[in-house]
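Colleague: Enclosed is the structure file my_file.txt (compact mmCIF, C-alpha atoms and all ligand atoms).
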# COMPACT_ATOMS: atom_id res chain seq x y z
CA MET P 26 82.67 77.74 93.25
CA ALA P 27 84.36 79.65 96.06
CA LYS P 28 86.53 82.69 96.54
CA LYS P 29 90.20 81.79 97.06
CA GLU P 30 91.19 81.87 100.70
CA ASN P 31 93.50 84.77 101.66
CA LYS P 32 94.14 85.32 105.33
CA PHE P 33 96.63 88.08 104.50
CA ARG P 34 94.32 90.22 102.36
CA GLU P 35 94.83 93.39 104.40
CA TYR P 36 98.64 93.25 104.16
CA ASP P 37 101.05 94.65 101.58
CA ILE P 38 101.69 92.65 98.36
CA SER P 39 105.21 91.68 99.53
CA THR P 40 103.81 90.19 102.77
CA GLN P 41 101.14 88.34 100.80
CA ALA P 42 103.78 87.02 98.37
CA VAL P 43 105.59 85.45 101.35
CA HIS P 44 102.62 84.09 103.29
CA THR P 45 99.54 83.46 101.13
CA GLY P 46 99.05 79.87 99.99
CA THR P 47 101.54 78.41 102.43
CA ASP P 48 100.99 76.85 105.85
CA TYR P 49 102.41 74.20 108.16
CA ASP P 50 102.27 70.78 106.52
CA GLU P 51 99.62 68.70 108.26
CA GLY P 52 101.17 65.56 109.64
CA THR P 53 104.84 66.61 109.74
CA GLY P 54 104.59 70.23 110.90
CA ALA P 55 107.08 71.19 108.16
CA VAL P 56 107.05 74.94 107.46
CA ARG P 57 106.81 74.26 103.72
CA ARG P 58 103.99 72.48 101.98
CA PRO P 59 105.15 69.37 100.10
CA LEU P 60 105.31 68.61 96.40
CA HIS P 61 102.58 66.09 95.55
CA MET P 62 103.49 64.32 92.32
CA ALA P 63 100.66 61.73 92.59
CA ASN P 64 98.50 61.23 89.51
CA SER P 65 95.51 60.00 91.52
CA TYR P 66 93.93 60.22 94.96
CA LYS P 67 91.88 57.84 97.09
CA LEU P 68 88.26 57.79 95.96
CA PRO P 69 85.31 58.08 98.38
CA ASP P 70 83.62 54.76 99.27
CA ASP P 71 80.39 55.88 97.59
CA LEU P 72 81.09 56.68 93.94
CA SER P 73 77.52 57.49 92.97
CA GLN P 74 78.00 61.26 93.52
CA VAL P 75 81.39 61.58 91.78
CA ASN P 76 81.51 63.84 88.71
CA TYR P 77 84.61 62.89 86.75
CA SER P 78 84.80 66.29 85.02
CA SER P 79 84.69 68.18 88.31
CA THR P 80 87.61 70.00 89.94
CA ASP P 81 86.05 69.93 93.42
CA LEU P 82 87.41 66.54 94.43
CA LEU P 83 91.11 65.62 94.46
CA MET P 84 90.84 62.52 92.25
CA TYR P 85 93.15 62.76 89.25
CA ALA P 86 95.97 65.29 88.64
CA ARG P 87 94.24 66.83 85.60
CA ASN P 88 91.18 67.64 87.73
CA GLY P 89 93.46 69.65 90.00
CA ASN P 90 96.34 69.01 92.34
CA PRO P 91 97.29 70.54 95.71
CA ASN P 92 100.35 72.39 94.36
CA GLN P 93 98.18 73.98 91.65
CA HIS P 94 95.60 75.00 94.27
CA TRP P 95 98.19 76.58 96.60
CA LEU P 96 99.71 78.51 93.71
CA GLU P 97 96.22 79.69 92.71
CA GLU P 98 95.73 81.12 96.23
CA LYS P 99 99.00 83.04 95.86
CA ILE P 100 98.34 84.40 92.36
CA ALA P 101 94.79 85.46 93.30
CA ALA P 102 96.29 87.32 96.28
CA LEU P 103 98.92 89.10 94.15
CA TYR P 104 96.11 90.34 91.89
CA GLY P 105 93.56 90.99 94.66
CA ALA P 106 91.23 88.72 92.64
CA ASP P 107 88.51 86.42 93.97
CA ASP P 108 89.67 83.47 91.88
CA ALA P 109 92.64 82.23 89.86
CA ILE P 110 93.17 79.22 87.61
CA VAL P 111 96.73 78.13 86.96
CA LEU P 112 97.47 76.16 83.79
CA ALA P 113 100.46 74.73 81.93
CA SER P 114 101.56 77.89 80.10
CA GLY P 115 100.53 81.47 79.38
CA VAL P 116 99.20 80.36 76.02
CA GLY P 117 97.37 77.46 77.69
CA ALA P 118 95.64 80.05 79.91
CA LEU P 119 94.77 82.32 76.95
CA HIS P 120 93.41 79.36 74.99
CA ALA P 121 91.39 78.06 77.95
CA LEU P 122 89.75 81.47 78.33
CA PHE P 123 88.98 81.96 74.63
CA TRP P 124 87.84 78.35 74.13
CA THR P 125 85.39 78.61 77.03
CA LEU P 126 83.97 82.05 76.20
CA LEU P 127 83.62 81.74 72.41
CA LYS P 128 81.40 79.76 70.09
CA SER P 129 80.79 79.79 66.33
CA GLY P 130 79.17 83.01 65.16
CA ASP P 131 80.65 85.09 68.01
CA HIS P 132 82.78 88.10 67.18
CA VAL P 133 86.13 89.05 68.77
CA VAL P 134 88.12 92.27 68.61
CA TYR P 135 91.85 91.69 69.15
CA PRO P 136 94.87 94.01 69.01
CA ASN P 137 97.07 94.65 65.95
CA VAL P 138 100.03 94.22 68.31
CA SER P 139 99.84 91.13 70.49
CA TYR P 140 101.63 88.02 71.63
CA MET P 141 102.34 85.77 68.62
CA ALA P 142 100.03 82.93 69.73
CA VAL P 143 97.09 85.36 70.16
CA TYR P 144 97.67 86.55 66.61
CA ARG P 145 97.73 82.90 65.39
CA MET P 146 94.60 81.95 67.32
CA PHE P 147 92.53 84.87 66.01
CA HIS P 148 94.17 85.39 62.61
CA GLU P 149 93.98 81.78 61.43
CA LEU P 150 92.71 79.22 63.98
CA PHE P 151 89.50 80.25 65.78
CA ASN P 152 88.20 81.99 62.65
CA LYS P 153 89.02 79.34 60.06
CA LYS P 154 88.42 76.22 62.16
CA PHE P 155 85.51 77.31 64.33
CA ASN P 156 83.84 80.13 62.41
CA VAL P 157 84.50 82.72 65.10
CA ASP P 158 84.49 86.12 63.45
CA THR P 159 87.68 87.97 64.42
CA VAL P 160 88.79 91.53 63.69
CA MET P 161 91.98 93.33 64.51
CA ALA P 162 91.94 96.90 65.88
CA ASP P 163 94.48 99.51 66.92
CA MET P 164 93.63 99.53 70.63
CA THR P 165 95.26 102.93 71.16
CA ASP P 166 92.55 104.44 68.93
CA LEU P 167 89.26 104.30 70.88
CA GLU P 168 87.18 105.33 67.83
CA ALA P 169 88.67 102.44 65.84
CA VAL P 170 87.75 100.03 68.67
CA LYS P 171 84.15 101.33 68.72
CA LYS P 172 83.94 100.89 64.95
CA ALA P 173 85.28 97.32 65.12
CA ILE P 174 82.55 96.21 67.54
CA THR P 175 79.39 94.51 66.18
CA PRO P 176 76.19 93.25 67.89
CA GLU P 177 77.87 89.79 67.92
CA THR P 178 81.00 90.97 69.75
CA ARG P 179 81.44 88.70 72.73
CA LEU P 180 85.03 89.53 73.67
CA VAL P 181 87.53 92.35 73.39
CA HIS P 182 91.08 91.22 74.16
CA ILE P 183 93.96 93.62 74.86
CA GLU P 184 97.57 93.58 76.04
CA THR P 185 99.15 96.48 77.91
CA PRO P 186 102.04 97.10 77.73
CA ASP P 187 101.93 95.04 74.55
CA ASN P 188 104.38 92.45 73.27
CA PRO P 189 106.60 93.37 71.46
CA THR P 190 106.20 97.15 70.93
CA VAL P 191 105.50 98.01 74.62
CA GLY P 192 102.53 100.20 73.58
CA ILE P 193 99.97 101.30 76.19
CA THR P 194 96.21 100.69 75.96
CA ASP P 195 93.59 102.44 78.13
CA ILE P 196 92.06 99.55 80.12
CA GLU P 197 89.28 101.62 81.73
CA ALA P 198 88.16 103.19 78.44
CA ILE P 199 88.16 99.88 76.54
CA ALA P 200 86.29 98.17 79.42
CA LYS P 201 83.61 100.87 79.13
CA ILE P 202 83.31 100.44 75.35
CA ALA P 203 83.14 96.62 75.67
CA HIS P 204 80.53 96.71 78.44
CA GLU P 205 78.34 99.31 76.69
CA ASN P 206 78.18 96.85 73.80
CA GLY P 207 77.50 93.73 75.89
CA ALA P 208 81.02 92.35 75.40
CA LEU P 209 83.60 91.13 77.91
CA LEU P 210 87.15 92.45 78.27
CA SER P 211 90.23 90.28 78.81
CA VAL P 212 93.65 91.81 79.47
CA ASP P 213 97.04 90.12 79.07
CA ASN P 214 98.91 91.69 81.99
CA THR P 215 102.18 89.74 81.64
CA PHE P 216 104.37 92.78 80.81
CA ALA P 217 102.97 94.93 83.63
CA SER P 218 102.76 92.15 86.27
CA PRO P 219 100.59 92.46 89.38
CA LEU P 220 103.07 94.73 91.14
CA ASN P 221 102.38 97.44 88.56
CA GLN P 222 98.84 96.99 87.28
CA HIS P 223 95.51 95.47 88.40
CA PRO P 224 93.17 95.38 85.36
CA LEU P 225 90.22 93.92 87.30
CA GLU P 226 90.10 97.15 89.34
CA LEU P 227 90.00 99.12 86.08
CA GLY P 228 86.97 97.21 84.78
CA ALA P 229 88.45 94.14 83.02
CA ASP P 230 86.49 90.90 83.35
CA PHE P 231 89.48 88.56 82.97
CA VAL P 232 93.23 88.87 83.30
CA VAL P 233 95.82 86.49 81.90
CA ASP P 234 99.39 86.43 83.22
CA ALA P 235 102.17 84.23 81.79
CA LEU P 236 103.71 83.03 85.06
CA THR P 237 106.65 81.76 82.98
CA LYS P 238 107.86 85.35 82.93
CA PHE P 239 108.15 87.78 85.89
CA ILE P 240 106.18 85.86 88.54
CA ASN P 241 108.30 82.72 88.36
CA GLY P 242 111.19 84.97 87.41
CA HIS P 243 113.96 82.38 87.20
CA GLY P 244 113.55 81.10 83.64
CA ASP P 245 112.99 77.50 84.74
CA ALA P 246 109.25 76.74 84.73
CA GLN P 247 106.33 77.38 82.43
CA GLY P 248 102.85 78.30 83.64
CA GLY P 249 99.96 80.71 83.07
CA ALA P 250 97.09 82.11 85.13
CA ILE P 251 93.58 83.37 84.51
CA LEU P 252 92.22 85.80 87.13
CA SER P 253 88.64 86.93 87.57
CA ASN P 254 85.93 87.83 90.07
CA ASN P 255 83.36 85.99 87.92
CA LEU P 256 83.31 82.72 89.86
CA GLU P 257 80.71 81.06 87.67
CA THR P 258 82.70 81.53 84.44
CA MET P 259 85.90 80.49 86.19
CA ASP P 260 84.26 77.18 87.11
CA ARG P 261 83.17 76.76 83.49
CA ILE P 262 86.81 77.28 82.42
CA ARG P 263 87.88 74.57 84.88
CA TYR P 264 85.26 72.15 83.59
CA GLU P 265 85.43 72.89 79.85
CA ALA P 266 89.08 73.74 79.36
CA GLN P 267 91.17 72.43 82.24
CA VAL P 268 89.63 68.99 82.72
CA ASN P 269 88.34 68.34 79.20
CA VAL P 270 91.03 70.00 77.08
CA GLY P 271 93.76 69.33 79.57
CA SER P 272 96.47 71.98 79.84
CA VAL P 273 96.71 71.63 83.63
CA ILE P 274 100.04 72.61 85.19
CA SER P 275 102.34 69.86 86.46
CA PRO P 276 102.65 69.81 90.26
CA PHE P 277 106.41 70.30 89.97
CA ASN P 278 106.06 73.45 87.86
CA ALA P 279 103.41 74.80 90.24
CA TRP P 280 105.76 74.15 93.16
CA GLN P 281 108.64 75.83 91.32
CA ILE P 282 106.57 78.92 90.40
CA PHE P 283 105.20 79.12 93.94
CA ARG P 284 108.79 79.36 95.16
CA GLY P 285 109.68 81.99 92.54
CA SER P 286 106.61 84.07 93.38
CA VAL P 287 107.73 84.62 96.99
CA THR P 288 110.39 87.11 95.87
CA PHE P 289 108.35 88.47 92.96
CA PRO P 290 107.52 91.95 94.43
CA LEU P 291 111.14 92.50 95.45
CA ARG P 292 112.54 91.42 92.07
CA MET P 293 109.94 93.36 90.12
CA GLN P 294 110.66 96.61 91.95
CA ARG P 295 114.36 96.23 91.12
CA ILE P 296 113.47 95.47 87.49
CA ASN P 297 111.18 98.54 87.33
CA ASP P 298 113.95 100.78 88.67
CA SER P 299 116.70 99.34 86.45
CA SER P 300 114.48 99.49 83.35
CA GLN P 301 113.79 103.19 83.92
CA LYS P 302 117.54 103.92 84.14
CA ILE P 303 118.38 101.82 81.09
CA ALA P 304 115.57 103.35 79.00
CA GLU P 305 116.82 106.84 79.92
CA TRP P 306 120.36 105.90 78.94
CA LEU P 307 119.25 104.37 75.62
CA GLU P 308 117.24 107.49 74.80
CA GLN P 309 120.35 109.67 74.83
CA ARG P 310 122.72 107.12 73.18
CA GLU P 311 123.64 107.90 69.58
CA ASN P 312 122.59 105.42 66.89
CA ILE P 313 119.48 104.44 68.89
CA THR P 314 116.55 105.35 66.60
CA PHE P 315 113.75 105.04 69.16
CA VAL P 316 113.07 103.80 72.71
CA SER P 317 109.63 102.48 73.62
CA TYR P 318 109.20 102.46 77.39
CA PRO P 319 106.16 103.92 79.16
CA GLY P 320 108.28 105.38 81.97
CA LEU P 321 109.84 107.89 79.58
CA PRO P 322 108.04 111.27 79.57
CA SER P 323 108.56 111.38 75.78
CA ASN P 324 106.50 108.17 75.34
CA PRO P 325 103.01 108.69 73.83
CA GLY P 326 101.56 106.32 76.46
CA HIS P 327 103.32 107.96 79.43
CA GLU P 328 100.42 110.01 80.89
CA LEU P 329 98.04 107.07 80.54
CA ALA P 330 100.57 104.65 82.03
CA LYS P 331 101.05 107.04 84.97
CA ARG P 332 97.30 106.78 85.65
CA GLN P 333 96.79 103.04 85.25
CA MET P 334 100.14 101.66 86.46
CA LYS P 335 101.81 101.95 89.87
CA ASN P 336 105.27 101.27 91.34
CA GLY P 337 106.88 101.39 87.90
CA TYR P 338 106.50 100.60 84.23
CA GLY P 339 107.68 97.01 83.92
CA GLY P 340 110.77 95.24 82.67
CA VAL P 341 110.56 95.28 78.88
CA ILE P 342 112.04 98.02 76.71
CA SER P 343 111.78 98.01 72.94
CA PHE P 344 114.32 100.02 71.00
CA GLY P 345 115.69 100.44 67.51
CA ILE P 346 119.24 100.67 66.25
CA ASN P 347 120.23 102.42 63.12
CA THR P 348 121.34 99.41 61.10
CA ASP P 349 120.28 96.26 59.20
CA ASP P 350 119.06 92.83 60.47
CA LYS P 351 122.51 91.20 60.17
CA THR P 352 124.24 93.88 62.26
CA VAL P 353 121.46 93.65 64.87
CA GLU P 354 122.25 89.94 65.21
CA ARG P 355 125.99 90.66 65.45
CA PHE P 356 125.26 93.26 68.17
CA CYS P 357 123.22 90.70 70.16
CA ALA P 358 125.95 88.09 69.81
CA LYS P 359 128.59 90.55 71.17
CA LEU P 360 126.79 90.98 74.51
CA LYS P 361 128.54 89.45 77.53
CA VAL P 362 126.18 90.15 80.44
CA VAL P 363 122.91 90.11 78.51
CA THR P 364 121.72 86.70 77.23
CA PHE P 365 120.78 86.32 73.55
CA ALA P 366 117.56 84.27 73.81
CA VAL P 367 113.78 84.54 73.53
CA SER P 368 111.48 84.98 76.56
CA LEU P 369 111.45 87.73 79.17
CA GLY P 370 111.09 88.26 82.90
CA HIS P 371 114.01 86.05 83.86
CA ASP P 372 116.66 86.78 86.48
CA GLU P 373 119.08 87.41 83.60
CA SER P 374 118.55 90.16 81.01
CA LEU P 375 117.39 88.79 77.66
CA ILE P 376 117.61 90.29 74.19
CA PHE P 377 115.64 89.26 71.13
CA PRO P 378 115.77 90.95 67.69
CA GLN P 379 112.50 91.45 65.77
CA PRO P 380 113.72 91.19 62.17
CA SER P 381 112.28 93.22 59.32
CA TYR P 382 111.11 89.99 57.61
CA ASP P 383 108.76 89.14 60.55
CA GLU P 384 105.34 88.52 58.93
CA ARG P 385 103.70 91.00 61.34
CA ILE P 386 106.17 93.86 60.93
CA ASP P 387 103.71 95.91 58.86
CA LEU P 388 101.18 95.81 61.70
CA TYR P 389 103.56 97.74 63.96
CA PRO P 390 104.00 101.51 63.96
CA GLU P 391 106.43 102.64 61.23
CA LYS P 392 109.52 103.24 63.38
CA PHE P 393 109.48 99.58 64.52
CA ARG P 394 110.09 98.25 61.02
CA ASN P 395 113.87 98.51 61.05
CA GLY P 396 116.54 97.47 63.60
CA PHE P 397 113.86 96.65 66.21
CA ILE P 398 114.94 94.84 69.38
CA ARG P 399 112.97 93.63 72.43
CA PHE P 400 114.94 93.82 75.63
CA SER P 401 113.94 92.26 78.95
CA VAL P 402 115.76 93.78 81.91
CA GLY P 403 117.06 91.34 84.52
CA LEU P 404 118.44 91.57 88.04
CA GLU P 405 122.04 92.40 87.17
CA GLU P 406 123.52 95.72 88.33
CA PRO P 407 121.97 98.26 85.90
CA GLY P 408 125.37 99.92 85.33
CA ASP P 409 126.76 96.58 84.14
CA ILE P 410 123.85 96.15 81.71
CA ILE P 411 124.39 99.66 80.32
CA SER P 412 128.15 99.11 79.87
CA ASP P 413 127.44 95.81 78.12
CA LEU P 414 124.95 97.39 75.68
CA ASP P 415 127.43 100.18 75.01
CA GLN P 416 130.44 97.88 74.35
CA ALA P 417 128.37 95.65 72.00
CA LEU P 418 127.14 98.71 70.06
CA ARG P 419 130.73 99.92 69.72
CA ALA P 420 131.89 96.43 68.72
CA VAL P 421 129.66 96.63 65.63
CA GLY P 422 130.75 100.20 64.85
CA LEU P 423 127.74 102.05 66.33
C1 LIG P 501 105.20 84.81 77.02
C2 LIG P 501 103.90 85.47 76.89
C3 LIG P 501 102.73 84.70 76.79
C4 LIG P 501 102.75 83.19 76.72
O1 LIG P 501 103.27 82.56 77.84
P1 LIG P 501 103.89 81.07 77.68
O2 LIG P 501 104.09 80.63 79.08
O3 LIG P 501 105.13 81.20 76.88
O4 LIG P 501 102.86 80.25 76.97
C5 LIG P 501 101.54 85.36 76.69
N1 LIG P 501 101.48 86.71 76.66
C6 LIG P 501 102.56 87.47 76.76
C7 LIG P 501 102.43 88.95 76.74
C8 LIG P 501 103.81 86.88 76.86
O5 LIG P 501 104.91 87.66 76.93
Could I get this file's structure written as structure tokens?
Ligand SMILES: *Cc1c(COP(=O)(O)O)cnc(C)c1O

Modeller:
Amino acid sequence: MAKKENKFREYDISTQAVHTGTDYDEGTGAVRRPLHMANSYKLPDDLSQVNYSSTDLLMYARNGNPNQHWLEEKIAALYGADDAIVLASGVGALHALFWTLLKSGDHVVYPNVSYMAVYRMFHELFNKKFNVDTVMADMTDLEAVKKAITPETRLVHIETPDNPTVGITDIEAIAKIAHENGALLSVDNTFASPLNQHPLELGADFVVDALTKFINGHGDAQGGAILSNNLETMDRIRYEAQVNVGSVISPFNAWQIFRGSVTFPLRMQRINDSSQKIAEWLEQRENITFVSYPGLPSNPGHELAKRQMKNGYGGVISFGINTDDKTVERFCAKLKVVTFAVSLGHDESLIFPQPSYDERIDLYPEKFRNGFIRFSVGLEEPGDIISDLDQALRAVGL
């Protein structure tokens, strides 16, 4: 149980992204730390004190590996957090947190709009398998959140901006409600990223970030992080979920994400700026039924986002086109610069339709129920992205 080392704490996030977690390699003097693919490490001569579920000793790759630890130093620095745990995926991180915090009989309040796996975990897995009482709430309605809370509420979980509607939730207000009722608050910060939002400073107890997305940023490695200043609970997560459930990150993926994270602040600023331009263009384009992006003054979450976000409003825009599911697919297939694939936060722009037959469509605000598309802005020239969207709309007669 120790705070992550950060010799660059007083510097700007871009300086920390370059320097934190790296050092000269002992032995060779190389200016990059190596990739350690070993499964196991030399044991001490006296085994009587070894705890095989501990993460303190380098012993076996699932108990922790150097590349994981160096990436944890970097991610903790990006978030200004005392501790970080890096696991195999964003969902692995969410599960590790929920699994450690919750037991049968506990109550959870989760958002009506959330990442698909969070919906699955609370809508049909934790409740039906483990008797955890779960209730969905509209997190933009503070009175509804208060009403959803019971004396058994252990955890309130939110996402802001949320996936896939890009709605904004008031972190500080929900933290206050949770804490007044003896509950903890976890925030999925993947869409905002640490360049734009620091939930721990706004009162959250835990943050989850899918490193697969903006922090790695190159669409070629999966990982997820949990951030917190609660060192004792973080060690419980290591012991209960990392070592004994096992979704530790592979050293190679940790190494790959570490490399991606160096340029994260630079890439994210570009993505913020391009997204703002593209959202503004979409808003005035005919046949676009709505644009959900918190950087637009017309957005219902804009004033709140201005308060709790900085540097920009992230890289995901949701919008609607005035047509049916089939034409939406044809539009996506006509794009030349933008890639038609799931995921977000890559170097390339990604587009993903949210069809009207999605089982959760009725949970979303009304305007999202027809022609709804999630768009993740990449690093291409924003003018090229706009021209591509425009030509593909015209190609399907819109
Ligand atoms: C992608 C995503 C996750 C899950 O991350 P994986 O690495 O795919 O498991 C969690 N939350 C949000 C908001 C995401 O976009």

Colleague: Step by step, gather every atom of region 295-306 of chain P that the file lists, find the box along x, y and z that holds them, add 6 Å on each side, and finally give centre and edge lengths in Å to one decimal, as AutoDock Vina command-line options.

Modeller:
--center_x 115.8 --center_y 101.2 --center_z 85.0 --size_x 21.2 --size_y 23.4 --size_z 24.2

Colleague: Go through P:Ser253, P:Asn324, P:Asn395, P:Gln379 and flag the residue nearest Asp107 (chain P), using only C-alpha atoms for the distances.

Modeller: P:Ser253

Colleague: Select all residues near (88.4, 97.0, 72.2) (cut-off 9 Å, inclusive, file coordinates), counting all atoms listed in the file, and output them as a list in words.

Modeller: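 Result, sorted by chain then residue number: Val133, Val134, Tyr135, Pro136, Ala162, Asp163, Met164, Leu167, Ala169, Val170, Lys171, Ala173, Ile174, Leu180, Val181, His182, Ile183, Ala198, Ile199, Ala200, Ile202, Ala203 and Leu210 of chain P.
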
Colleague: Within 9 Å of ligand LIG 501 (chain P), which residues show up when you count all atoms listed in the file? List them as a tab-separated table (two decimals) with C-alpha atoms, in the coordinates of the input, please.

Modeller:
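Output contents, as saved in pocket.tsv:
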chain	number	residue	atom	x	y	z
P	113	ALA	CA	100.46	74.73	81.93
P	114	SER	CA	101.56	77.89	80.10
P	115	GLY	CA	100.53	81.47	79.38
P	116	VAL	CA	99.20	80.36	76.02
P	117	GLY	CA	97.37	77.46	77.69
P	118	ALA	CA	95.64	80.05	79.91
P	119	LEU	CA	94.77	82.32	76.95
P	139	SER	CA	99.84	91.13	70.49
P	140	TYR	CA	101.63	88.02	71.63
P	141	MET	CA	102.34	85.77	68.62
P	142	ALA	CA	100.03	82.93	69.73
P	143	VAL	CA	97.09	85.36	70.16
P	184	GLU	CA	97.57	93.58	76.04
P	185	THR	CA	99.15	96.48	77.91
P	186	PRO	CA	102.04	97.10	77.73
P	187	ASP	CA	101.93	95.04	74.55
P	188	ASN	CA	104.38	92.45	73.27
P	189	PRO	CA	106.60	93.37	71.46
P	213	ASP	CA	97.04	90.12	79.07
P	214	ASN	CA	98.91	91.69	81.99
P	215	THR	CA	102.18	89.74	81.64
P	216	PHE	CA	104.37	92.78	80.81
P	233	VAL	CA	95.82	86.49	81.90
P	234	ASP	CA	99.39	86.43	83.22
P	235	ALA	CA	102.17	84.23	81.79
P	236	LEU	CA	103.71	83.03	85.06
P	237	THR	CA	106.65	81.76	82.98
P	238	LYS	CA	107.86	85.35	82.93
P	246	ALA	CA	109.25	76.74	84.73
P	247	GLN	CA	106.33	77.38	82.43
P	248	GLY	CA	102.85	78.30	83.64
P	249	GLY	CA	99.96	80.71	83.07
P	368	SER	CA	111.48	84.98	76.56
P	369	LEU	CA	111.45	87.73	79.17
P	370	GLY	CA	111.09	88.26	82.90

Colleague: What is the distance between CA of Arg385 (chain P) and CA of Ile193 (chain P), in Å to one decimal?

Modeller: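 CA of Ile193 (chain P) lies at a distance of 18.5 Å from CA of Arg385 (chain P).
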
Colleague: Can you list, as a ChimeraX atom specification, every protein, DNA or RNA residue that comes within 8 Å of Glu177 (chain P) when you count only C-alpha atoms, leaving out same-chain residues fewer than 6 positions away?

Modeller: /P:130-132

Colleague: Generate the output file for the selected residues, C-alpha atoms, as a PDB file, in the frame of the given file.

Modeller:
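Output (result-v2.pdb):
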ATOM      1  CA  GLY P 130      79.170  83.010  65.160  1.00  0.00           C
ATOM      2  CA  ASP P 131      80.650  85.090  68.010  1.00  0.00           C
ATOM      3  CA  HIS P 132      82.780  88.100  67.180  1.00  0.00           C
TER       4      HIS P 132
END

Colleague: What does the structure give for the distance between CA of Ala266 (chain P) and CA of Trp124 (chain P), in Å to one decimal?

Modeller: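 That distance, rounded to one decimal, is 7.1 Å.
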